[in-house]
Amino acid sequence: MTAKGKRLGMLYYLRRDWQLYVLLLLPLAMVLLFKYASMFGLTIAFKNYKIAKGFWGSDWVGFDVFKEIFAKPDFGRAIRNTLMLNVLDLLFSFTMPIVLALLINEVKNLLFKRVNQTLLYLPHFLSWVIIGAIAYQLLSEGNGMVNNIIEQLGWTRIPFLQEDTNWLISYLVIGVWQSMGWGTIIYLAAISGINPELYEAAIVDGAGRWRKMWNVTLPSIRMTIVTLLILSLGGVMGGSFERIIALQNKATTEFTTTIPVLVYRWGIESGNFSRATALGLFQAIIGLVLVLLADRIAKKLGEDGLI
């Protein structure tokens with residue numbers, strides 16, 4: 001059939017399935033227009049871009065813009081904060097859904113399990129603007145509900161969002177709360193596809209709940225874990241711009257300067273589009289390298305039979 005299909009050629013399939021190809025035209029045009037045609041704007045990173053002169057009238061400066069941003073003090077701090085926030089996010093926000101999925105899978109009460117899945121998943125649908133407003137209502141040092149309770153108990157108010165270290169801890173906790181439901185649903189879906197005979201065999205061998213989770217469940221969903229890990233590594237140089245903007249304030253500036261925030265400040269606030277584009281291009285290239293490296297390592301481990 002393959003050899004026959006090759007002999008028939010592309011024209012045969014175009015005539016036979018032309019309706020399907022017509023349906024593909026609109027999404028294909030959107031991808032080409034918004035994903036590839038817009039890449040022309042990356043030339044701004046290599047120009048002294050002036051809005052009045054436009055793309056064609058602005059002068060080429062080569063890599064001068066990159067040299068300029070690499071010499072900026074904010075650049076080093078943005079790299080440090082971006083890596084730190086995202087590595088910590090990867091450590092907590094990536095592992096928590098796995099733990100929750102393993103625990104929820106052991107719950108036998110279907111009603112309790114469904115209610116918990118719903119409650120965990122709901123924060124995923126809230127925008128960071130809403131989450132930020134809720135966070136300040138609950139954690140504000142002056143009149144936050146949590147601090148009011150702490151004060152009623154006779155303890156000292158805690159500046160959850162008004163001090164750098166406390167802000168960092170609050171940032172991570174809020175991020176885990178917002179994102180853990182989505183990952184938990186994915187892992188529970190993967191767990192539901194595990195062959196029940198594997199658990200039966202583990203029970204025959206005398207395995208308890210913890211041994212079944214460690215020796216059966218985790219190995220069975222390892223490819224899902226690796227896939228999500230690769231996707232997460234692609235965002236290590238990115239970070240949540242909306243999350244930082246929603247939670248930042250003038251009292252906490254130590255950890256809020258990240259690459260996406262710096263792109264916004266340089267491009268939108270300051271109007272230096274060349275510098276912002278160069279920084280965004282640098283971020284995208286590093287992210288691509290990390291994804292390719294993670295994919296390479298995953299494939300290598302797969303060939304060695306480790307995953």
# chains A, B, ... in the order shown; residues from 1 in each chain; ligands from 1
call {"tool": "closest_atom_pairs", "arguments": {"of": "range 61-135 of chain A", "to": "range 188-209 of chain A", "cutoff": "9 Å", "atoms": "only C-alpha atoms", "output": "CSV"}}
result
residue,atom,partner,partner_atom,distance
A:Ile98,CA,A:Leu188,CA,8.8
A:Ala101,CA,A:Leu188,CA,5.5
A:Leu102,CA,A:Leu188,CA,7.8
A:Ile104,CA,A:Leu188,CA,8.2
A:Asn105,CA,A:Leu188,CA,7.0
A:Glu106,CA,A:Arg209,CA,7.9
call {"tool": "select_by_dssp", "arguments": {"residues": "range 101-269 of chain A", "states": "alpha helix (DSSP H)", "output": "ChimeraX atom specification"}}
result
/A:101-106,110-121,128-139,145-152,164-192,196-204,209-212,218-220,222-233,241-247,259-264
call {"tool": "closest_atom_pairs", "arguments": {"of": "range 204-274 of chain A", "to": "range 58-75 of chain A", "cutoff": "12 Å", "atoms": "only C-alpha atoms", "output": "tab-separated table"}}
result
residue	atom	partner	partner_atom	distance
A:Thr253	CA	A:Asp74	CA	11.8
A:Glu254	CA	A:Asp74	CA	11.1
A:Phe255	CA	A:Asp74	CA	11.5
A:Thr256	CA	A:Asp74	CA	11.1
A:Thr257	CA	A:Asp74	CA	7.6
A:Thr258	CA	A:Phe75	CA	8.5
A:Ile259	CA	A:Phe75	CA	7.7
A:Pro260	CA	A:Phe75	CA	11.2
A:Val261	CA	A:Asp74	CA	10.8
A:Leu262	CA	A:Asp74	CA	7.9
A:Val263	CA	A:Phe75	CA	10.3
A:Arg265	CA	A:Asp74	CA	10.9
A:Trp266	CA	A:Ile69	CA	10.3
A:Asn272	CA	A:Val65	CA	10.4
A:Phe273	CA	A:Val65	CA	10.4
A:Ser274	CA	A:Val65	CA	6.9
call {"tool": "select_by_dssp", "arguments": {"residues": "range 50-270 of chain A", "states": "strand (DSSP E or B)", "output": "NGL selection string"}}
result
:A and (59-60 or 249 or 252)
call {"tool": "atom_distance", "arguments": {"atom1": "CA of Gly287 in chain A", "atom2": "CA of Lys50 in chain A"}}
result
28.0 Å
